[in-house]
Structures are given as structure tokens and as C-alpha cells.
>>> print(open('data_13.txt').read())   # compact mmCIF, C-alpha atoms and all ligand atoms
# COMPACT_ATOMS: atom_id res chain seq x y z
CA MET A 938 0.31 158.80 -106.95
CA LYS A 939 2.30 156.21 -108.90
CA SER A 940 5.67 156.54 -110.54
CA LYS A 941 6.57 154.53 -113.63
CA LYS A 942 10.25 154.74 -112.67
CA GLY A 943 12.15 152.33 -110.45
CA PHE A 944 12.22 152.61 -106.64
CA SER A 945 15.56 154.41 -106.29
CA SER A 946 14.92 156.58 -109.37
CA THR A 947 11.73 157.78 -107.68
CA SER A 948 13.36 158.20 -104.27
CA VAL A 949 16.19 160.27 -105.79
CA HIS A 950 14.22 162.42 -108.26
CA GLY A 951 10.77 162.53 -106.65
CA VAL A 952 7.57 162.92 -108.64
CA GLY A 953 6.74 166.60 -108.24
CA GLU A 954 7.95 169.70 -109.99
CA ARG A 955 11.52 170.77 -109.50
CA ASP A 956 12.29 173.94 -107.54
CA LYS A 957 11.19 177.12 -109.32
CA MET A 958 14.53 178.88 -108.66
CA GLY A 959 16.47 176.03 -110.31
CA SER A 960 17.92 174.46 -107.19
CA VAL A 961 18.70 170.78 -107.92
CA VAL A 962 18.02 169.87 -104.29
CA MET A 963 14.65 171.00 -102.94
CA PRO A 964 15.57 173.90 -100.60
CA ILE A 965 14.29 174.42 -97.08
CA TYR A 966 11.44 176.93 -97.22
CA GLN A 967 12.01 177.95 -93.61
CA THR A 968 9.00 180.21 -93.29
CA SER A 969 5.83 180.09 -91.25
CA THR A 970 3.74 182.08 -93.71
CA PHE A 971 3.45 183.04 -97.43
CA PHE A 972 2.44 186.41 -98.91
CA PHE A 973 -0.44 186.84 -101.37
CA LYS A 974 0.01 188.91 -104.54
CA SER A 975 -3.41 190.56 -104.09
CA ALA A 976 -6.67 190.25 -102.20
CA GLU A 977 -8.01 188.14 -105.05
CA ASP A 978 -4.96 185.84 -104.93
CA GLY A 979 -5.46 185.43 -101.16
CA ALA A 980 -9.15 184.65 -101.67
CA LYS A 981 -8.33 182.02 -104.30
CA CYS A 982 -5.75 180.35 -102.03
CA PHE A 983 -8.30 180.07 -99.23
CA SER A 984 -11.13 178.83 -101.45
CA GLY A 985 -8.87 176.14 -102.94
CA GLU A 986 -9.26 177.60 -106.45
CA SER A 987 -5.48 178.11 -106.53
CA ASP A 988 -2.94 175.77 -104.93
CA GLY A 989 -0.77 178.61 -103.59
CA PHE A 990 0.73 178.25 -100.12
CA ILE A 991 -0.84 180.02 -97.13
CA TYR A 992 0.76 178.94 -93.85
CA THR A 993 3.28 176.16 -93.09
CA ARG A 994 1.02 174.10 -90.81
CA LEU A 995 -1.33 173.76 -93.82
CA GLY A 996 1.38 173.17 -96.41
CA ASN A 997 4.93 174.11 -97.40
CA PRO A 998 6.89 173.42 -100.64
CA THR A 999 9.69 171.44 -98.88
CA ILE A 1000 7.18 169.30 -96.98
CA ASP A 1001 4.85 168.85 -99.98
CA GLU A 1002 7.61 167.53 -102.22
CA PHE A 1003 8.71 165.08 -99.52
CA GLU A 1004 5.12 163.86 -98.96
CA ALA A 1005 4.56 163.29 -102.69
CA THR A 1006 7.80 161.30 -102.96
CA ILE A 1007 6.94 158.91 -100.10
CA ALA A 1008 3.37 158.53 -101.37
CA ALA A 1009 4.77 157.48 -104.77
CA LEU A 1010 7.00 154.89 -103.07
CA GLU A 1011 4.01 153.53 -101.10
CA HIS A 1012 1.58 153.71 -104.06
CA GLY A 1013 -0.80 155.92 -102.08
CA TYR A 1014 -2.92 158.98 -102.90
CA ASN A 1015 -0.64 161.44 -101.06
CA GLY A 1016 1.42 161.66 -97.88
CA ILE A 1017 0.74 163.56 -94.65
CA ALA A 1018 4.04 164.28 -92.89
CA THR A 1019 3.97 164.61 -89.11
CA SER A 1020 6.29 165.75 -86.33
CA SER A 1021 6.94 162.16 -85.15
CA GLY A 1022 5.90 158.57 -85.75
CA MET A 1023 3.59 158.83 -82.74
CA ALA A 1024 1.93 161.92 -84.27
CA ALA A 1025 1.29 159.75 -87.35
CA VAL A 1026 -0.20 156.97 -85.18
CA ASN A 1027 -2.45 159.45 -83.35
CA THR A 1028 -3.51 161.09 -86.62
CA VAL A 1029 -4.94 157.69 -87.60
CA TYR A 1030 -6.51 156.93 -84.19
CA LEU A 1031 -8.12 160.39 -83.91
CA THR A 1032 -9.49 160.24 -87.46
CA TYR A 1033 -11.24 156.87 -87.19
CA LEU A 1034 -11.98 156.36 -83.48
CA GLY A 1035 -14.54 158.15 -81.32
CA GLN A 1036 -17.04 157.60 -78.52
CA GLY A 1037 -18.28 153.99 -78.55
CA ASP A 1038 -15.80 152.74 -81.16
CA HIS A 1039 -13.54 149.70 -80.96
CA VAL A 1040 -10.09 149.03 -82.45
CA VAL A 1041 -8.36 145.66 -82.91
CA CYS A 1042 -4.56 145.75 -82.70
CA HIS A 1043 -1.64 143.40 -82.88
CA ASN A 1044 -0.56 142.53 -79.32
CA ALA A 1045 3.12 143.27 -79.94
CA LEU A 1046 2.74 146.85 -81.21
CA TYR A 1047 5.39 149.51 -80.71
CA GLY A 1048 5.06 150.26 -76.95
CA PRO A 1049 3.50 153.77 -77.08
CA SER A 1050 1.13 152.84 -79.96
CA ARG A 1051 -0.43 150.33 -77.55
CA GLY A 1052 0.11 152.37 -74.37
CA ILE A 1053 -1.78 155.45 -75.57
CA LEU A 1054 -4.84 153.32 -76.43
CA GLU A 1055 -4.75 151.82 -72.94
CA THR A 1056 -4.20 155.04 -70.99
CA ALA A 1057 -5.69 158.02 -72.88
CA TYR A 1058 -8.29 156.78 -75.37
CA PRO A 1059 -10.60 155.09 -72.80
CA ARG A 1060 -11.25 158.65 -71.50
CA PHE A 1061 -12.85 159.41 -74.89
CA GLY A 1062 -14.89 156.19 -74.90
CA VAL A 1063 -12.62 154.19 -77.24
CA GLU A 1064 -12.21 150.51 -76.50
CA SER A 1065 -9.32 148.39 -77.77
CA ALA A 1066 -8.45 144.71 -78.12
CA PHE A 1067 -4.86 143.43 -78.43
CA VAL A 1068 -4.59 140.00 -80.00
CA ASP A 1069 -1.98 137.94 -81.80
CA THR A 1070 -2.91 139.03 -85.32
CA THR A 1071 -0.36 136.65 -86.86
CA ASP A 1072 -3.30 134.18 -86.56
CA LEU A 1073 -6.30 135.30 -88.67
CA LYS A 1074 -8.70 133.41 -86.39
CA ASN A 1075 -7.80 135.74 -83.49
CA VAL A 1076 -8.65 138.79 -85.62
CA GLU A 1077 -11.98 137.27 -86.62
CA ASP A 1078 -12.84 136.53 -82.97
CA ALA A 1079 -11.89 140.05 -81.84
CA ILE A 1080 -14.11 141.91 -84.35
CA LYS A 1081 -17.23 143.44 -82.79
CA PRO A 1082 -20.16 145.36 -84.35
CA ASN A 1083 -18.50 148.64 -83.29
CA THR A 1084 -15.00 147.80 -84.58
CA ARG A 1085 -13.91 150.68 -86.83
CA LEU A 1086 -10.20 150.05 -87.27
CA ILE A 1087 -7.66 147.21 -87.39
CA PHE A 1088 -4.17 148.45 -86.60
CA LEU A 1089 -1.27 146.18 -87.54
CA GLU A 1090 2.46 146.26 -87.36
CA THR A 1091 4.28 143.72 -89.48
CA PRO A 1092 6.96 142.63 -88.84
CA ALA A 1093 6.07 143.53 -85.25
CA ASN A 1094 8.17 145.19 -82.61
CA PRO A 1095 10.19 143.52 -81.09
CA THR A 1096 9.02 139.94 -81.70
CA ILE A 1097 9.31 140.01 -85.55
CA GLY A 1098 5.91 138.28 -85.89
CA ILE A 1099 4.39 138.64 -89.37
CA CYS A 1100 0.69 139.27 -90.13
CA ASP A 1101 -1.02 138.25 -93.37
CA ILE A 1102 -1.99 141.75 -94.59
CA GLU A 1103 -4.04 140.56 -97.58
CA ALA A 1104 -6.11 138.05 -95.58
CA ILE A 1105 -6.77 140.50 -92.74
CA CYS A 1106 -7.80 143.28 -95.16
CA LYS A 1107 -10.24 140.95 -96.92
CA LEU A 1108 -11.84 140.03 -93.60
CA ALA A 1109 -11.91 143.66 -92.39
CA HIS A 1110 -13.52 144.97 -95.56
CA GLN A 1111 -16.33 142.38 -95.32
CA HIS A 1112 -17.19 144.16 -92.04
CA GLY A 1113 -16.62 147.71 -93.35
CA ILE A 1114 -13.54 148.14 -91.14
CA LYS A 1115 -10.50 150.24 -92.14
CA VAL A 1116 -7.04 148.68 -91.93
CA CYS A 1117 -3.89 150.65 -91.09
CA VAL A 1118 -0.43 149.07 -91.28
CA ASP A 1119 2.58 150.51 -89.47
CA ASN A 1120 5.20 149.69 -92.13
CA THR A 1121 8.17 151.13 -90.21
CA PHE A 1122 10.16 147.86 -89.99
CA CYS A 1123 10.04 147.24 -93.75
CA SER A 1124 9.96 150.71 -95.30
CA PRO A 1125 8.31 150.98 -98.74
CA TYR A 1126 11.39 149.33 -100.25
CA LEU A 1127 10.43 145.92 -98.85
CA GLN A 1128 6.65 146.03 -98.48
CA ASN A 1129 3.68 148.01 -99.85
CA PRO A 1130 0.65 147.31 -97.63
CA LEU A 1131 -1.69 149.44 -99.82
CA ASP A 1132 -1.10 147.00 -102.71
CA LEU A 1133 -2.14 144.16 -100.36
CA GLY A 1134 -5.46 145.85 -99.56
CA ALA A 1135 -4.67 148.15 -96.62
CA ASP A 1136 -6.43 151.54 -96.53
CA ILE A 1137 -3.68 153.44 -94.75
CA VAL A 1138 0.02 152.92 -94.20
CA LEU A 1139 2.21 154.85 -91.77
CA HIS A 1140 5.87 155.17 -90.87
CA SER A 1141 8.09 156.43 -88.16
CA LEU A 1142 10.47 158.25 -90.51
CA THR A 1143 12.89 158.30 -87.62
CA LYS A 1144 13.86 154.76 -88.61
CA PHE A 1145 14.67 153.44 -92.11
CA ILE A 1146 13.27 156.26 -94.27
CA ASN A 1147 15.42 159.03 -92.78
CA GLY A 1148 17.98 156.38 -91.86
CA HIS A 1149 20.66 158.51 -90.21
CA ALA A 1150 19.41 158.66 -86.61
CA ASP A 1151 19.37 162.47 -86.65
CA ILE A 1152 15.67 163.42 -86.71
CA VAL A 1153 12.31 162.21 -85.40
CA GLY A 1154 9.40 162.28 -87.87
CA GLY A 1155 6.40 160.42 -89.21
CA ILE A 1156 4.13 160.10 -92.24
CA VAL A 1157 0.65 158.74 -93.00
CA ILE A 1158 -0.20 157.60 -96.55
CA PRO A 1159 -3.84 156.76 -97.37
CA LYS A 1160 -4.91 155.00 -100.55
CA SER A 1161 -7.98 157.14 -101.26
CA GLU A 1162 -8.57 160.86 -101.70
CA GLU A 1163 -11.42 160.65 -99.21
CA ASP A 1164 -9.24 159.21 -96.44
CA TYR A 1165 -6.54 161.74 -97.30
CA GLY A 1166 -8.99 164.59 -96.69
CA LYS A 1167 -10.04 163.22 -93.29
CA LEU A 1168 -6.52 162.44 -92.11
CA ASN A 1169 -5.10 165.74 -93.33
CA TYR A 1170 -7.83 167.61 -91.45
CA THR A 1171 -6.75 165.84 -88.23
CA MET A 1172 -3.04 166.55 -88.80
CA VAL A 1173 -3.57 170.24 -89.60
CA ASN A 1174 -6.03 170.98 -86.79
CA PHE A 1175 -4.38 168.98 -84.02
CA GLY A 1176 -1.10 170.61 -85.08
CA PHE A 1177 0.84 167.40 -85.76
CA ASN A 1178 2.67 168.98 -88.71
CA MET A 1179 6.30 168.47 -89.66
CA ASP A 1180 8.84 171.29 -89.78
CA PRO A 1181 10.46 172.23 -93.16
CA HIS A 1182 13.95 171.49 -91.84
CA GLN A 1183 12.85 168.01 -90.71
CA ALA A 1184 11.33 167.42 -94.17
CA PHE A 1185 14.60 168.49 -95.84
CA LEU A 1186 16.65 165.97 -93.83
CA ALA A 1187 14.14 163.14 -94.30
CA ARG A 1188 14.05 163.94 -98.04
CA ARG A 1189 17.84 163.64 -98.17
CA GLY A 1190 17.71 160.36 -96.22
CA VAL A 1191 15.17 158.68 -98.48
CA LYS A 1192 17.37 159.14 -101.56
CA THR A 1193 19.62 156.29 -100.35
CA LEU A 1194 16.89 154.11 -98.80
CA GLY A 1195 17.18 151.32 -101.38
CA ILE A 1196 20.96 150.93 -101.23
CA ARG A 1197 21.04 151.25 -97.44
CA ILE A 1198 18.49 148.46 -97.02
CA ASP A 1199 20.23 146.25 -99.59
CA ARG A 1200 23.45 146.43 -97.57
CA ALA A 1201 21.81 146.21 -94.12
CA GLN A 1202 19.75 143.15 -95.01
CA GLU A 1203 22.71 141.41 -96.62
CA ASN A 1204 24.53 141.95 -93.31
CA ALA A 1205 21.46 140.87 -91.29
CA MET A 1206 21.21 137.54 -93.13
CA LYS A 1207 24.83 136.73 -92.24
CA VAL A 1208 24.43 137.84 -88.62
CA ALA A 1209 21.21 135.79 -88.27
CA GLU A 1210 22.95 132.66 -89.59
CA TYR A 1211 25.88 133.24 -87.24
CA LEU A 1212 23.54 133.67 -84.23
CA GLU A 1213 21.47 130.61 -85.12
CA SER A 1214 24.58 128.41 -84.91
CA HIS A 1215 25.78 129.92 -81.59
CA PRO A 1216 25.64 127.53 -78.58
CA LYS A 1217 24.55 130.25 -76.11
CA ILE A 1218 21.49 131.19 -78.16
CA ALA A 1219 18.16 129.36 -77.78
CA TRP A 1220 16.51 130.70 -80.96
CA VAL A 1221 16.72 133.44 -83.57
CA LYS A 1222 13.75 135.18 -85.23
CA TYR A 1223 14.55 136.64 -88.63
CA PRO A 1224 12.21 136.48 -91.65
CA GLY A 1225 15.10 135.35 -93.87
CA LEU A 1226 15.67 132.14 -91.86
CA LYS A 1227 13.66 129.01 -92.68
CA SER A 1228 13.11 128.61 -88.92
CA HIS A 1229 10.90 131.76 -88.83
CA PRO A 1230 7.31 130.59 -88.18
CA GLN A 1231 5.96 132.77 -91.02
CA TYR A 1232 8.88 132.28 -93.44
CA ASP A 1233 6.59 131.52 -96.43
CA LEU A 1234 4.29 134.47 -95.70
CA ALA A 1235 7.32 136.77 -95.41
CA LYS A 1236 8.50 135.59 -98.84
CA LYS A 1237 5.05 136.27 -100.28
CA GLN A 1238 4.37 139.77 -98.93
CA MET A 1239 7.87 141.20 -98.38
CA ARG A 1240 10.52 141.81 -101.05
CA GLY A 1241 13.28 140.98 -98.56
CA PRO A 1242 13.70 139.94 -94.92
CA GLY A 1243 14.88 143.36 -93.66
CA ALA A 1244 17.45 144.29 -91.07
CA MET A 1245 15.74 143.51 -87.75
CA ILE A 1246 16.67 140.39 -85.77
CA SER A 1247 15.44 139.12 -82.40
CA PHE A 1248 17.12 136.31 -80.50
CA GLU A 1249 16.85 134.61 -77.11
CA LEU A 1250 19.89 134.05 -74.89
CA LYS A 1251 19.82 130.75 -72.99
CA GLY A 1252 21.15 132.62 -69.92
CA GLY A 1253 17.95 134.75 -69.67
CA TYR A 1254 17.71 138.20 -68.08
CA GLU A 1255 21.23 138.29 -66.61
CA ALA A 1256 22.84 137.12 -69.86
CA GLY A 1257 20.89 139.84 -71.69
CA LYS A 1258 22.21 142.56 -69.39
CA ARG A 1259 25.76 141.14 -69.60
CA LEU A 1260 25.67 141.20 -73.40
CA MET A 1261 24.59 144.87 -73.32
CA ASP A 1262 27.59 145.70 -71.11
CA ASN A 1263 30.05 143.70 -73.21
CA VAL A 1264 29.38 145.03 -76.72
CA LYS A 1265 32.01 147.51 -77.88
CA PHE A 1266 31.10 148.12 -81.55
CA CYS A 1267 27.33 147.61 -81.72
CA VAL A 1268 25.75 150.66 -80.06
CA LEU A 1269 23.63 150.12 -76.96
CA ALA A 1270 20.58 152.22 -77.90
CA VAL A 1271 16.90 151.97 -78.77
CA SER A 1272 15.55 152.88 -82.23
CA LEU A 1273 16.41 151.17 -85.50
CA GLY A 1274 16.78 151.69 -89.22
CA GLY A 1275 19.91 153.85 -89.04
CA ILE A 1276 23.25 153.21 -90.66
CA GLU A 1277 24.79 152.05 -87.38
CA THR A 1278 24.08 148.68 -85.73
CA LEU A 1279 22.05 149.11 -82.53
CA ILE A 1280 21.40 146.52 -79.82
CA GLN A 1281 18.90 146.51 -76.95
CA HIS A 1282 17.42 144.20 -74.30
CA PRO A 1283 13.62 144.80 -74.13
CA ALA A 1284 13.09 143.10 -70.70
CA SER A 1285 15.44 145.57 -68.95
CA MET A 1286 14.90 148.53 -71.30
CA THR A 1287 11.95 149.33 -73.63
CA HIS A 1288 9.52 146.90 -71.98
CA SER A 1289 10.83 147.05 -68.37
CA LYS A 1290 7.70 148.89 -67.12
CA LEU A 1291 5.49 145.94 -68.04
CA SER A 1292 5.08 143.09 -65.53
CA LYS A 1293 6.93 139.84 -66.30
CA GLU A 1294 3.55 138.23 -67.10
CA ALA A 1295 2.51 140.99 -69.51
CA ARG A 1296 5.89 140.76 -71.23
CA ASN A 1297 5.51 137.01 -71.65
CA VAL A 1298 2.06 137.39 -73.25
CA GLY A 1299 3.56 139.78 -75.80
CA GLY A 1300 6.42 137.34 -76.47
CA ILE A 1301 9.02 139.52 -74.73
CA THR A 1302 11.01 136.89 -72.90
CA GLN A 1303 13.76 137.48 -70.33
CA GLY A 1304 16.70 136.81 -72.61
CA LEU A 1305 15.26 138.48 -75.73
CA VAL A 1306 17.71 140.75 -77.54
CA ARG A 1307 16.82 143.01 -80.46
CA LEU A 1308 19.40 143.86 -83.07
CA ALA A 1309 18.95 146.57 -85.70
CA ILE A 1310 21.63 145.86 -88.25
CA GLY A 1311 23.45 148.74 -89.95
CA ILE A 1312 25.56 149.13 -93.07
CA GLU A 1313 29.03 148.54 -91.54
CA GLU A 1314 31.25 145.64 -92.64
CA VAL A 1315 29.50 142.52 -91.34
CA GLU A 1316 32.75 140.98 -90.04
CA ASP A 1317 33.00 143.79 -87.48
CA ILE A 1318 29.42 143.24 -86.26
CA ILE A 1319 29.93 139.47 -85.87
CA ALA A 1320 33.35 139.85 -84.20
CA ASP A 1321 31.80 142.20 -81.63
CA LEU A 1322 28.93 139.82 -80.81
CA GLU A 1323 31.42 136.93 -80.63
CA GLN A 1324 33.67 138.65 -78.06
CA ALA A 1325 30.65 139.96 -76.10
CA MET A 1326 29.19 136.46 -75.67
CA GLU A 1327 32.52 134.82 -74.79
CA GLU A 1328 32.70 136.24 -71.28
C1 LIG B 1401 9.68 154.24 -83.50
C2 LIG B 1401 8.40 153.65 -83.89
C3 LIG B 1401 7.19 154.39 -83.80
C4 LIG B 1401 7.14 155.77 -83.20
O1 LIG B 1401 7.87 156.70 -83.93
P1 LIG B 1401 8.55 158.02 -83.34
O2 LIG B 1401 9.16 158.62 -84.54
O3 LIG B 1401 9.54 157.57 -82.30
O4 LIG B 1401 7.48 158.85 -82.73
C5 LIG B 1401 6.04 153.78 -84.25
N1 LIG B 1401 6.04 152.54 -84.76
C6 LIG B 1401 7.17 151.80 -84.85
C7 LIG B 1401 7.12 150.42 -85.41
C8 LIG B 1401 8.39 152.33 -84.43
O5 LIG B 1401 9.50 151.59 -84.52
>>> encode(input="data_13.txt", output="C-alpha cells")
Amino acid sequence: MKSKKGFSSTSVHGVGERDKMGSVVMPIYQTSTFFFKSAEDGAKCFSGESDGFIYTRLGNPTIDEFEATIAALEHGYNGIATSSGMAAVNTVYLTYLGQGDHVVCHNALYGPSRGILETAYPRFGVESAFVDTTDLKNVEDAIKPNTRLIFLETPANPTIGICDIEAICKLAHQHGIKVCVDNTFCSPYLQNPLDLGADIVLHSLTKFINGHADIVGGIVIPKSEEDYGKLNYTMVNFGFNMDPHQAFLARRGVKTLGIRIDRAQENAMKVAEYLESHPKIAWVKYPGLKSHPQYDLAKKQMRGPGAMISFELKGGYEAGKRLMDNVKFCVLAVSLGGIETLIQHPASMTHSKLSKEARNVGGITQGLVRLAIGIEEVEDIIADLEQAMEE
């Protein structure tokens, strides 16, 4: 589903039909079920001859309109909205992986996207490899005859490593392997993995797309009708569906996605430059800085560097914890992509359950801090970091 209009025009107006009752904003069809006009009408809905609604887990006008809008922004066939980002991840895993199959993943995936493959999927005979997919050679070496899926996150969480989507897709398709990209950190405003060859793209809507830190949600967008059918079957029958009220809020959030990211990334560039010149900071990772190891690749496959920054405090673990206690304006919380600036220390928070060695392999060092920049005035963000690092 492609739109000939610009990004924000599409995100505001959508691509589907407007509401039949004349409501300018798509209303919340808060219903579990839909009545049929006759036995024949019911029969046609079930056979697929008519596209009437049956039951909300299978489809709902509020959810459908939201799915079509995101699919248009990602240049995909159609969207499959889910109750959470993790429901979107599992919709993909459960569709393509079964007994005896193998999946190759980036080693710095969102924690639970990796964790579930390590703890639950081995019970169903699924094997996984976690490698640094920012180096194509590692992907090539990890592919086995039973590899069915390559699962990437770029930029990755929380190390901001960047994978070459086009090169990896080319390699994968030579082996008949599907590629899924978790595009949460970029949103469709900054990156369209399907245009670079990926088969499936997914999002935690909880982050940039909804953007207001008030719901949890996810979406899967395949490129082909065939993949859509398979993925939708998984979503519907495992019961990973979104609720109409969730869809309404996410639909409202996406209308301002473009302008929110413009402001957040303008702020992020200034914060990254400030941090890079700070004497207490060892290094900063931000795709907009020339010092980022994949700066050229970021320029090629992303339309902007985004709003996520990682940096390493020279003082290590203790300095990381001290910074968390000292910030007064930046909010000490996990998640990202909202309008407020959030800060967290992975070694003592999101990744604290991992051993120090496992953290180091994934690039999560002791003094690593992750900043998700919001849309506030940048002077206030920098002043807060300045006072918090003084002590
Ligand atoms: C948050 C997140 C998820 C999981 O999404 P939920 O909405 O929390 O279930 C998956 N991938 C990435 C990159 C995320 O940041």
C-alpha cells in the first residue's frame, strides 16, 4: 500500500476511506462483535466474499484504518496491529520458526526479543545464534542449512550499532531466508527497511509511533500479500490482537510523528555534541556524529540520525548510578520515543540480570548511559545533564 502524498500528509489523513458517519477523526468502534444484516450477509462475511466485519479479534474499523496508515508509511502490503511490541516480535517468530529451524539475530537485540528465544523457543526445537550483525561476515558465518529467519534491529538497543540492511537482505535471499527488521528506533519517518529489501518490518508502537508514553502496542508490516496472510493467521489465532481504544490513541499519536522526530533529533544532535566535548565522558555513540563507526552507512540508509544517544562515563558503574540520582529534569525511566527526555543506566537497570561478561559481549559497559531525547527546549536538557555531572 503506497501513498503518493508526503509522509505527514499520509500520517494525518491516512489512506483508507473516511468514517461512514462523517466523523473527521476515526472513532473508536468499542465493540467485540458486529451484527449481520441477514444469514446471507453473514455467510458472505465468513467466506470472504464481502469485507464486512465479524469479530474484533479478526478485524475492527478503528484498527483497520490504523494498520493501513502505518503500512502506507512503511511501504508494505498491510499492517497487523498487536497488543504490544513483544506480541509483534512473537507473531514473526511463531510464523517462521518451528521444530528444527534456526534464526540468526543481532547480538544487541531488545532484551526480551533475545530472552524469549533463549528461554522458551528451545522447548519447541528452535535454535538461535546471536552475532554482531553490524559486520556482514558474521552473518554469513552464522547461516546454516536450516536458517529460516534473520532478525535485525538497527540502530540496536542500547548500543546504537547499525546493520547494513540491503547487504544482509541480499545475502539472506541467496539462501532463501526471510529478513525481519525491528524498526522501532527509527520509525518509518527515518528508515524504510522494506525498500532496502527486508521482507517484514515491525515496531513497538509504544515508542516513537504513539510517542506519548501512554499506551503499549505493536505492529508487523510485511511486504507481500503471502506473508501478510501467514502473519495475520498467527496474530488472530494466538490472540495477539490490539484493542480499538489502543488503536485510536496510536492513530492520534502517529499524526505528529514527523514533526516530533524533527524536533527530537534536532535536540539530540546538540546534546550529542555537548556530551562528546564533556571531560567526564569517554565516548558518545550517535549516528549523527562523525565518530560513529557506521556514520556513512547511517547516512545512506537512514533519513536522519534519530533521537537515541548512548555514552560511556569515565567513572564507570558508580558514576552511572550517581548520574541517575542527580538528574532533575530528564526522567529516570526505561522506554523511549516519547515527548519527554528519558535517561537510564543499562548495567544497573535493563541489563542488570545479565552477568558482567555477557553484558560486555553485547557492548553494555559499566558506565553506559542511554538517553532518549524528547521535544523540550534543548537548553533545559543540557543544563540538567551539566548540573548532574558536576557533583
Ligand atoms: C520496546 C521495544 C520492544 C518491545 O515492545 P513493547 O511494546 O514493550 O512490547 C521491541 N523492540 C524494541 C527495539 C523496543 O524498543
>>> residues_around(input="data_13.txt", residues="range 1223-1238 of chain A", least_positions_apart="3", cutoff="10 Å", atoms="all atoms listed in the file", output="VMD selection string")
chain A and resid 1071 1091 to 1092 1096 to 1103 1127 to 1130 1132 to 1133 1202 1205 to 1210 1213 1220 1241 to 1248
>>> closest_residue(input="data_13.txt", among="A:Val1040, A:Ala1008, A:Ala1024, A:Leu1054", to="ligand LIG 1401 (chain B)", atoms="all atoms listed in the file")
A:Ala1024
>>> residues_near_ligand(input="data_13.txt", ligand="ligand LIG 1401 (chain B)", cutoff="9 Å", atoms="only C-alpha atoms and all ligand atoms", output="PyMOL selection string")
chain A and resi 1020-1026+1046-1050+1090-1095+1119-1122+1139-1144+1152-1155+1271-1274
>>> residues_around(input="data_13.txt", residues="Glu1055 in chain A", least_positions_apart="5", cutoff="10 Å", atoms="all atoms listed in the file", output="ChimeraX atom specification")
/A:1049-1050,1060,1063-1066
>>> closest_residue(input="data_13.txt", among="A:Leu1250, A:Ser1285, A:Thr1171, A:Gln1036", to="Pro1216 in chain A", atoms="only C-alpha atoms")
A:Leu1250
>>> residues_around(input="data_13.txt", residues="Val1138 in chain A", least_positions_apart="5", cutoff="6 Å", atoms="only C-alpha atoms", output="JSON, numbers by chain")
{"A": [1117, 1118, 1119, 1157, 1158]}
>>> atom_distance(input="data_13.txt", atom1="CA of Ile1198 in chain A", atom2="CA of Lys1217 in chain A")
28.4 Å
>>> residues_around(input="data_13.txt", residues="Glu1313 in chain A", least_positions_apart="3", cutoff="9 Å", atoms="all atoms listed in the file", output="number ranges by chain")
A: 1200-1201, 1204, 1276-1278, 1310, 1316-1318
>>> closest_residue(input="data_13.txt", among="A:Asp1001, A:Glu1203, A:Glu977, A:Glu1011", to="Pro1159 in chain A", atoms="all atoms listed in the file")
A:Glu1011
>>> closest_residue(input="data_13.txt", among="A:Ala1057, A:Val1041, A:Ile1280, A:Leu1308", to="Asn1083 in chain A", atoms="all atoms listed in the file")
A:Val1041
>>> residues_near_point(input="data_13.txt", point="(12.7, 157.6, -110.3)", cutoff="12 Å", atoms="only C-alpha atoms", output="ChimeraX atom specification")
/A:939-953,1006-1007,1009-1010,1192,1195
>>> residues_around(input="data_13.txt", residues="Ala1256 in chain A", least_positions_apart="5", cutoff="9 Å", atoms="only C-alpha atoms", output="list in words")
Leu1250, Lys1251, Met1261, Gly1304 and Met1326 of chain A
>>> atom_distance(input="data_13.txt", atom1="CA of Met1179 in chain A", atom2="CA of Arg1307 in chain A")
29.0 Å
>>> atom_distance(input="data_13.txt", atom1="CA of Gly979 in chain A", atom2="CA of Thr1028 in chain A")
28.4 Å
>>> closest_residue(input="data_13.txt", among="A:Leu1291, A:Leu1168, A:Ile1146, A:Leu1212", to="Leu1034 in chain A", atoms="only C-alpha atoms")
A:Leu1168
>>> axis_aligned_box(input="data_13.txt", around="range 1278-1285 of chain A", padding_each_side="8 Å", output="JSON")
{"center_x": 18.6, "center_y": 146.1, "center_z": -77.3, "size_x": 27.0, "size_y": 22.0, "size_z": 32.8}
>>> residues_near_point(input="data_13.txt", point="(-13.0, 158.9, -90.6)", cutoff="9 Å", atoms="all atoms listed in the file", output="number ranges by chain")
A: 1029, 1031-1034, 1163-1164, 1167-1168
>>> closest_residue(input="data_13.txt", among="A:Ala1309, A:Met963, A:Cys982, A:Ala1320", to="Pro998 in chain A", atoms="all atoms listed in the file")
A:Met963
